[in-house]
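File shown: start.cif. Contents: mmCIF, C-alpha atoms.
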```
data_target
loop_
_atom_site.label_atom_id
_atom_site.label_comp_id
_atom_site.auth_asym_id
_atom_site.auth_seq_id
_atom_site.Cartn_x
_atom_site.Cartn_y
_atom_site.Cartn_z
CA MET A 1 91.52 -76.47 24.15
CA THR A 2 93.39 -74.37 21.61
CA ALA A 3 96.56 -76.31 22.39
CA TYR A 4 94.76 -79.65 21.90
CA VAL A 5 93.46 -78.53 18.52
CA ALA A 6 96.88 -77.34 17.38
CA GLN A 7 98.93 -80.24 18.77
CA VAL A 8 96.59 -83.22 18.31
CA LEU A 9 93.45 -82.64 16.27
CA LEU A 10 94.98 -80.75 13.34
CA LYS A 11 97.48 -83.56 12.78
CA GLN A 12 94.57 -85.82 11.84
CA VAL A 13 92.01 -83.48 10.28
CA ARG A 14 91.93 -83.16 6.49
CA SER A 15 90.31 -80.60 4.21
CA GLY A 16 86.59 -81.37 3.91
CA ASP A 17 86.33 -83.03 7.33
CA LEU A 18 83.54 -82.18 9.76
CA VAL A 19 84.39 -81.46 13.40
CA ILE A 20 81.49 -81.61 15.88
CA MET A 21 81.95 -80.05 19.32
CA ASP A 22 79.62 -79.62 22.24
CA ASN A 23 78.76 -76.28 23.77
CA LEU A 24 81.53 -75.98 26.38
CA PRO A 25 82.73 -72.35 26.56
CA ALA A 26 86.30 -73.57 26.07
CA HIS A 27 85.31 -74.93 22.65
CA LYS A 28 83.84 -71.62 21.50
CA VAL A 29 86.92 -69.43 21.57
CA ALA A 30 87.72 -67.78 18.24
CA ALA A 31 91.15 -69.41 17.95
CA VAL A 32 89.60 -72.90 17.90
CA ARG A 33 87.37 -72.07 14.94
CA GLU A 34 90.19 -70.26 13.12
CA LYS A 35 92.56 -73.23 13.39
CA ILE A 36 89.99 -75.83 12.32
CA GLU A 37 88.60 -73.80 9.42
CA GLY A 38 92.15 -72.84 8.46
CA ALA A 39 92.77 -76.55 7.88
CA GLY A 40 89.85 -76.64 5.44
CA ALA A 41 87.49 -78.44 7.83
CA THR A 42 84.02 -77.37 8.96
CA LEU A 43 83.29 -76.80 12.65
CA ILE A 44 79.78 -77.03 14.06
CA TYR A 45 78.50 -76.93 17.61
CA LEU A 46 75.80 -79.22 18.90
CA PRO A 47 72.35 -77.72 19.45
CA ALA A 48 71.49 -76.97 23.06
CA TYR A 49 69.67 -80.29 23.44
CA SER A 50 69.56 -82.93 26.11
CA PRO A 51 72.48 -85.42 26.14
CA ASP A 52 69.93 -87.92 24.86
CA PHE A 53 70.13 -86.06 21.54
CA ASN A 54 73.91 -85.59 21.54
CA PRO A 55 75.69 -87.78 18.95
CA ILE A 56 78.90 -87.71 20.98
CA GLU A 57 77.09 -89.02 24.07
CA MET A 58 75.28 -91.63 21.97
CA ALA A 59 78.57 -92.90 20.55
CA PHE A 60 80.28 -92.98 23.95
CA SER A 61 77.32 -94.72 25.60
CA GLN A 62 77.50 -97.51 23.02
CA ILE A 63 81.23 -97.94 23.60
CA LYS A 64 80.82 -98.00 27.39
CA ALA A 65 78.06 -100.62 27.15
CA HIS A 66 80.27 -102.68 24.83
CA LEU A 67 83.23 -102.51 27.24
CA LYS A 68 81.06 -103.59 30.16
CA LYS A 69 79.79 -106.53 28.13
CA THR A 70 83.29 -107.67 27.14
CA ALA A 71 84.51 -107.28 30.74
CA ALA A 72 87.94 -106.11 29.58
CA ARG A 73 90.16 -105.77 32.64
CA ASN A 74 93.68 -104.99 31.41
CA HIS A 75 95.35 -102.77 28.85
CA ASP A 76 95.56 -105.35 26.04
CA THR A 77 92.00 -106.67 26.32
CA LEU A 78 90.65 -103.13 26.70
CA GLN A 79 92.51 -102.01 23.59
CA ASP A 80 91.22 -105.01 21.64
CA ALA A 81 87.64 -104.33 22.76
CA ILE A 82 87.82 -100.69 21.70
CA ALA A 83 89.41 -101.63 18.38
CA ALA A 84 86.56 -104.05 17.69
CA ALA A 85 84.02 -101.33 18.41
CA ILE A 86 85.54 -98.81 16.02
CA ASP A 87 87.01 -101.22 13.48
CA LYS A 88 87.17 -99.24 10.28
CA GLY A 89 87.41 -102.08 7.84
CA SER A 90 85.58 -101.93 4.50
CA PRO A 91 82.80 -102.84 4.24
CA PRO A 92 81.77 -101.97 7.85
CA LYS A 93 80.92 -104.98 9.99
CA ARG A 94 77.37 -105.47 11.25
CA ASN A 95 78.53 -105.38 14.89
CA GLN A 96 80.77 -102.33 14.42
CA LEU A 97 79.44 -99.79 16.92
CA LEU A 98 80.75 -96.73 15.13
CA ARG A 99 79.99 -97.77 11.58
CA PRO A 100 78.88 -94.86 9.35
CA SER A 101 75.20 -95.79 9.22
CA ARG A 102 74.90 -95.71 13.03
CA LEU A 103 76.69 -92.38 13.33
CA SER A 104 74.48 -90.97 10.60
CA ASN A 105 71.43 -91.92 12.68
CA HIS A 106 72.91 -90.26 15.79
CA TYR A 107 73.66 -87.17 13.74
CA SER A 108 70.14 -86.90 12.30
CA VAL A 109 68.41 -87.51 15.65
CA SER A 110 70.42 -84.61 17.09
CA GLY A 111 68.64 -82.19 14.78
CA LEU A 112 71.61 -81.91 12.41
CA ARG A 113 71.36 -82.62 8.71
CA SER A 114 73.78 -84.20 6.24
CA ARG A 115 73.88 -83.87 2.48
CA SER A 116 77.08 -84.90 0.71
CA ARG A 117 80.18 -86.66 2.01
CA SER A 118 83.08 -86.05 4.42
CA ARG A 119 84.69 -87.61 7.47
CA TRP A 120 83.37 -87.24 10.99
CA TRP A 121 85.27 -86.00 14.04
CA LEU A 122 83.21 -86.42 17.18
CA GLY A 123 84.35 -83.88 19.73
CA ALA A 124 87.84 -83.49 21.10
CA GLY A 125 88.43 -86.99 22.41
CA LEU A 126 86.92 -89.51 19.98
CA THR A 127 88.23 -89.23 16.43
CA PRO A 128 87.39 -92.34 14.38
CA THR A 129 87.98 -92.20 10.63
CA LEU A 130 84.93 -93.56 8.85
CA ALA A 131 86.25 -94.19 5.34
CA PRO A 132 85.15 -94.92 2.70
CA GLU A 133 81.76 -93.33 3.35
CA ARG A 134 81.97 -89.52 3.50
CA ARG A 135 79.37 -87.00 4.64
CA SER A 136 79.10 -83.24 5.08
CA ILE A 137 76.43 -80.89 6.37
CA MET A 138 74.23 -78.37 4.68
CA SER A 139 75.65 -74.85 4.75
CA TYR A 140 73.42 -71.84 5.36
CA ALA A 141 73.61 -68.14 4.63
CA ILE A 142 71.38 -65.12 5.15
CA ILE A 143 71.68 -62.30 2.63
CA GLY A 144 70.39 -59.15 4.23
CA PHE A 145 71.16 -57.99 7.75
CA GLY A 146 68.25 -55.73 8.55
CA GLU A 147 65.57 -56.55 11.11
CA ILE A 148 64.49 -59.81 9.46
CA GLY A 149 68.03 -60.89 8.61
CA GLN A 150 69.19 -60.37 12.19
CA THR A 151 66.11 -62.11 13.53
CA LEU A 152 66.84 -65.17 11.40
CA ALA A 153 70.48 -65.10 12.50
CA LYS A 154 69.34 -65.13 16.14
CA ALA A 155 67.18 -68.20 15.43
CA PHE A 156 70.21 -70.05 14.01
CA ALA A 157 72.38 -69.03 16.95
CA ARG A 158 69.68 -70.05 19.44
CA SER A 159 69.67 -73.52 17.88
CA GLY A 160 73.45 -73.85 17.63
CA ILE A 161 73.47 -73.92 13.81
CA ASN A 162 76.22 -72.11 11.93
CA VAL A 163 75.15 -69.47 9.41
CA SER A 164 76.89 -66.84 7.33
CA VAL A 165 75.40 -63.37 6.99
CA ALA A 166 76.09 -60.97 4.14
CA THR A 167 74.99 -57.74 2.53
CA THR A 168 76.27 -55.78 -0.43
CA ARG A 169 78.53 -53.91 2.03
CA ASP A 170 81.98 -54.81 3.32
CA PRO A 171 81.43 -57.44 6.07
CA LYS A 172 83.76 -55.51 8.37
CA SER A 173 81.00 -52.89 8.68
CA PHE A 174 78.64 -55.32 10.45
CA ALA A 175 81.00 -58.05 11.72
CA SER A 176 80.74 -56.86 15.32
CA ASP A 177 76.93 -56.92 15.20
CA ALA A 178 77.03 -60.45 13.77
CA ALA A 179 79.50 -61.63 16.41
CA ALA A 180 77.32 -60.15 19.16
CA ILE A 181 74.51 -62.52 18.17
CA GLY A 182 76.63 -65.60 18.80
CA PRO A 183 79.67 -67.59 17.64
CA GLU A 184 77.49 -69.44 15.12
CA VAL A 185 76.99 -66.23 13.09
CA THR A 186 79.80 -65.12 10.78
CA ALA A 187 79.91 -62.01 8.60
CA ARG A 188 80.90 -62.80 5.01
CA THR A 189 81.11 -61.09 1.67
CA LEU A 190 78.19 -61.57 -0.69
CA ALA A 191 80.33 -63.79 -2.92
CA GLU A 192 81.29 -65.99 0.04
CA ALA A 193 77.72 -66.27 1.33
CA ALA A 194 76.51 -67.23 -2.14
CA LYS A 195 78.49 -70.48 -1.87
CA ALA A 196 76.06 -71.83 0.76
CA ASP A 197 73.64 -74.67 -0.05
CA VAL A 198 70.64 -72.83 1.42
CA ILE A 199 70.36 -69.06 1.19
CA PHE A 200 67.77 -66.93 2.96
CA LEU A 201 66.96 -63.87 0.86
CA ALA A 202 66.14 -61.25 3.49
CA VAL A 203 66.52 -58.03 1.52
CA ARG A 204 63.91 -55.62 0.20
CA PHE A 205 62.11 -57.13 -2.78
CA GLU A 206 63.44 -54.38 -5.05
CA GLN A 207 67.02 -55.40 -4.20
CA HIS A 208 66.78 -59.05 -5.21
CA PRO A 209 67.98 -58.51 -8.83
CA ASP A 210 71.24 -57.02 -7.53
CA VAL A 211 71.80 -59.99 -5.22
CA ALA A 212 71.09 -62.42 -8.07
CA LYS A 213 74.01 -60.97 -10.04
CA ALA A 214 76.44 -62.43 -7.49
CA LEU A 215 76.46 -65.73 -9.42
CA PRO A 216 75.87 -66.52 -13.10
CA SER A 217 73.99 -69.66 -12.08
CA TRP A 218 72.38 -70.68 -8.78
CA LYS A 219 71.89 -74.29 -9.84
CA GLY A 220 71.71 -76.74 -6.95
CA LYS A 221 70.93 -74.09 -4.35
CA ILE A 222 67.76 -73.49 -2.38
CA ILE A 223 66.70 -69.86 -2.09
CA VAL A 224 64.32 -69.18 0.80
CA ASP A 225 62.42 -66.08 -0.31
CA VAL A 226 61.74 -64.01 2.79
CA THR A 227 60.94 -60.86 0.80
CA ASN A 228 57.57 -59.10 0.64
CA ALA A 229 56.57 -57.11 -2.44
CA TYR A 230 54.20 -54.81 -0.61
CA GLY A 231 53.87 -51.56 -2.56
CA VAL A 232 55.16 -53.13 -5.77
CA PRO A 233 52.51 -52.62 -8.51
CA ASP A 234 51.01 -55.80 -9.95
CA GLU A 235 52.12 -54.77 -13.44
CA ASP A 236 55.74 -54.78 -12.25
CA LEU A 237 55.27 -58.41 -11.26
CA GLY A 238 53.84 -59.31 -14.66
CA GLY A 239 50.79 -60.86 -13.04
CA GLN A 240 53.01 -63.47 -11.33
CA PRO A 241 53.46 -64.25 -7.64
CA SER A 242 56.45 -62.32 -6.34
CA ALA A 243 58.29 -65.58 -5.55
CA ARG A 244 58.16 -66.53 -9.24
CA VAL A 245 59.76 -63.20 -10.10
CA VAL A 246 62.51 -64.03 -7.59
CA ALA A 247 62.88 -67.51 -9.09
CA ARG A 248 63.43 -66.04 -12.56
CA ALA A 249 66.22 -63.82 -11.24
CA PHE A 250 68.04 -66.67 -9.46
CA THR A 251 68.65 -68.84 -12.51
CA GLY A 252 68.71 -72.55 -11.74
CA ALA A 253 67.83 -72.23 -8.05
CA THR A 254 64.93 -73.89 -6.29
CA VAL A 255 62.81 -71.29 -4.49
CA VAL A 256 60.91 -71.84 -1.26
CA LYS A 257 58.69 -68.99 -0.07
CA GLY A 258 58.79 -68.85 3.71
CA PHE A 259 59.54 -67.08 6.99
CA ASN A 260 58.02 -63.89 5.55
CA HIS A 261 54.52 -63.80 7.04
CA LEU A 262 55.51 -62.50 10.50
CA VAL A 263 57.10 -59.20 11.47
CA ALA A 264 60.57 -59.32 13.01
CA ARG A 265 59.50 -58.59 16.59
CA VAL A 266 57.21 -61.65 16.51
CA LEU A 267 59.54 -63.93 14.59
CA GLU A 268 62.41 -63.28 17.01
CA GLN A 269 60.44 -64.50 20.02
CA ASP A 270 60.96 -68.02 21.36
CA PRO A 271 58.98 -70.24 18.95
CA ALA A 272 58.08 -72.60 21.79
CA VAL A 273 54.96 -71.05 23.27
CA HIS A 274 51.51 -72.00 24.58
CA GLY A 275 52.50 -75.67 24.70
CA GLY A 276 53.23 -75.70 20.98
CA ARG A 277 55.47 -74.24 18.29
CA ARG A 278 55.08 -71.06 16.26
CA VAL A 279 54.03 -71.84 12.69
CA VAL A 280 55.99 -70.84 9.59
CA PHE A 281 54.41 -71.32 6.18
CA LEU A 282 56.35 -72.75 3.25
CA ALA A 283 55.44 -72.83 -0.43
CA SER A 284 57.46 -74.28 -3.29
CA ASP A 285 57.07 -76.01 -6.62
CA ASP A 286 59.66 -78.53 -5.41
CA ASP A 287 58.29 -80.65 -2.57
CA ASP A 288 61.73 -82.04 -1.69
CA ALA A 289 63.08 -78.53 -1.22
CA ALA A 290 60.07 -77.59 0.89
CA SER A 291 60.67 -80.67 3.03
CA GLU A 292 64.35 -79.77 3.41
CA ILE A 293 63.47 -76.28 4.62
CA GLY A 294 60.71 -77.78 6.75
CA THR A 295 63.27 -79.90 8.56
CA LEU A 296 65.47 -76.85 9.05
CA ALA A 297 62.46 -74.91 10.41
CA GLU A 298 61.87 -77.70 12.93
CA ASN A 299 65.52 -77.59 13.97
CA LEU A 300 65.12 -73.85 14.49
CA GLY A 301 62.20 -74.59 16.80
CA PHE A 302 59.29 -73.76 14.47
CA ALA A 303 56.36 -75.82 13.18
CA PRO A 304 56.42 -75.76 9.37
CA ILE A 305 53.24 -76.02 7.34
CA LYS A 306 53.55 -76.63 3.59
CA LEU A 307 51.04 -74.73 1.46
CA GLY A 308 51.75 -76.24 -1.92
CA GLY A 309 53.16 -74.55 -5.02
CA LEU A 310 54.17 -70.93 -5.51
CA SER A 311 51.14 -70.12 -7.67
CA ASP A 312 48.52 -71.45 -5.26
CA GLY A 313 49.61 -71.78 -1.63
CA GLY A 314 52.29 -69.17 -2.20
CA LEU A 315 49.64 -66.56 -2.88
CA LEU A 316 48.43 -66.92 0.70
CA VAL A 317 51.72 -65.52 2.00
CA GLN A 318 52.41 -63.00 -0.73
CA ALA A 319 52.25 -59.23 -0.51
CA HIS A 320 51.75 -57.22 -3.68
CA GLY A 321 50.42 -53.80 -4.56
CA ASN A 322 48.61 -52.53 -1.50
CA SER A 323 47.34 -55.91 -0.36
CA TRP A 324 48.58 -58.77 1.79
CA GLY A 325 48.01 -62.51 1.42
CA ARG A 326 45.39 -64.01 3.72
CA LEU A 327 47.98 -65.67 5.97
CA ILE A 328 50.28 -62.68 6.33
CA PHE A 329 50.59 -61.60 9.99
CA LYS A 330 48.72 -64.73 11.20
CA ASP A 331 50.62 -65.74 14.34
CA LEU A 332 49.57 -69.36 14.73
CA PHE A 333 50.80 -72.22 16.91
CA LYS A 334 50.83 -75.94 16.39
CA LYS A 335 50.30 -78.17 19.40
CA ALA A 336 52.43 -81.27 19.82
CA SER A 337 50.48 -84.32 18.71
#
```

Can you give me the file's structure in the form of structure tokens?
Amino acid sequence: MTAYVAQVLLKQVRSGDLVIMDNLPAHKVAAVREKIEGAGATLIYLPAYSPDFNPIEMAFSQIKAHLKKTAARNHDTLQDAIAAAIDKGSPPKRNQLLRPSRLSNHYSVSGLRSRSRSRWWLGAGLTPTLAPERRSIMSYAIIGFGEIGQTLAKAFARSGINVSVATTRDPKSFASDAAAIGPEVTARTLAEAAKADVIFLAVRFEQHPDVAKALPSWKGKIIVDVTNAYGVPDEDLGGQPSARVVARAFTGATVVKGFNHLVARVLEQDPAVHGGRRVVFLASDDDDAASEIGTLAENLGFAPIKLGGLSDGGLLVQAHGNSWGRLIFKDLFKKAS
């Protein structure tokens, strides 16, 4: 696999491209990731889902059905039939099997999310260029690598979603612990992790001002506030919910309070239980951001429940002084409808 990447794939991949691979052990060797990311591309692995939810399988199944329908029986007619299926003219044709809109649907159904634009590379064998439309995925980071930070990292790894982890320490000091969780988890510096689109703040509440200094502005980023301000006097919070205090520190960011109401030993358990999914509560003044994190929570296997804004629903999952919000420690499950 490493030879294929070096000799074939890297000749076609450009900086900003997205490479999607399935979960074959041969694909998960460190050298594969190093070569692809060294070319400026992003590598992600498919979640451990059924082939029915695999965008590579969906694309191939459409091509196979198309070839059966055309009844191509020799090299020239077979080549023409494949070319018609992946014709990359602009604008895409309505009958083009691998046009960007169809691949985007495959990608979303697989539990993966897209945000901005880049090219797609589906696995090691099928590499259509889908210009001019460009897409890229959301990037995720966890700042804090204590019990909660490691628990969140395990949830990402369990779902096959790449995530960076960082602390204020040199990443070499915890790189082996991160690697032990899974190939999806990468130790980074704080400055590197701060480049992610979505950042889970999993440090002690008192440490959040130091983390916020990593960037002069956090505009365009979503901060998932996993902190609890238990033991912090109300006067230190200025009478505000702790998440609002966090929001003031992370200038320009959108804050979603969430993943903080369960202790690590509960949160790290398989969220699929009792015929349902373990609930995580989300509160934000930005409903779009809450929905974005809700989708991520679903992809991690949880059942998200939105509580409203930080000043109302957020209070239900806030710790302050010597008290806990009413929903703190509530281990609830949502049955499939």

Residues near Ala26 (chain A), cut-off 9 Å, all atoms listed in the file, skip fewer than 6 positions along chain, as an mmCIF file with C-alpha atoms, keeping the file's coordinate frame:
```
data_model
loop_
_atom_site.group_PDB
_atom_site.id
_atom_site.type_symbol
_atom_site.label_atom_id
_atom_site.label_comp_id
_atom_site.auth_asym_id
_atom_site.auth_seq_id
_atom_site.Cartn_x
_atom_site.Cartn_y
_atom_site.Cartn_z
ATOM 1 C CA MET A 1 91.520 -76.470 24.150
ATOM 2 C CA THR A 2 93.390 -74.370 21.610
ATOM 3 C CA VAL A 32 89.600 -72.900 17.900
#
```

Of the candidates A:Asn260, A:Lys11, A:Ile305, A:Arg188, which one gets nearest to Ser176 (chain A) if we count all atoms listed in the file?
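For Ser176 (chain A), the nearest of the given residues is A:Arg188.
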
Within 12 Å of (77.7, -56.0, 8.8) in the file's own coordinates, which protein, DNA or RNA residues have an atom, counting all atoms listed in the file? List them as a ChimeraX atom specification.
/A:142-146,149-150,164-181,185-190

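Take the candidates A:Ser323, A:Ser159, A:Asn299, A:Thr251 and check each one against Tyr230 (chain A) using only C-alpha atoms; the shortest distance goes to A:Ser323.
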
Selected residue of minimal separation from Gly238 (chain A) among A:Lys68, A:His320, A:Lys257, A:Lys335, counting all atoms listed in the file:
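Among A:Lys68, A:His320, A:Lys257, A:Lys335, it is A:His320 that comes nearest to Gly238 (chain A).
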
Which residue gives the smallest distance to Asp236 (chain A) among A:Gly276, A:Gly160, A:Gly252, A:Gly321, with only C-alpha atoms counted?
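Selected residue with least distance to Asp236 (chain A): A:Gly321.
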
Given the choices A:Ser311, A:Asp331, A:Asn228, A:Pro233, which gets closest to Arg277 (chain A) if the distance is worked out from all atoms listed in the file?
A:Asp331

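CA of Pro209 (chain A) lies 6.1 Å from CA of Ala249 (chain A).
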
Convert the output of the PyMOL selection byres ((chain A and resi 253) around 8) on the shown file into explicit residues, formatted as a PyMOL selection string.
chain A and resi 217-223+247+250-252+254-255

I need the output of the PyMOL selection byres ((chain A and resi 15) around 8) for this file as a PyMOL selection string; which residues are they?
chain A and resi 13-14+16-17+39-41

I need the residue nearest Val317 (chain A) from this list: A:Leu267, A:Ile148, A:Leu296, A:Val256. Use only C-alpha atoms for the distance.
A:Val256

Take the PyMOL selection byres ((chain A and resi 286-290) around 8), apply it to the structure above, and return the hits as number ranges by chain.
A: 222, 254-256, 282-285, 291-294, 306, 308-309

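We find CA of Gln62 (chain A) and CA of Tyr45 (chain A) to be spaced 21.3 Å apart.
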
Would you list the contacts of Val280 (chain A) as a ChimeraX atom specification, taking every protein, DNA or RNA residue within 8 Å and counting all atoms listed in the file, but skipping same-chain residues closer than 4 positions in sequence?
/A:258-259,261,297,302-305

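The two atoms in question, CA of Val211 (chain A) and CA of Asp225 (chain A), are spaced 12.2 Å apart.
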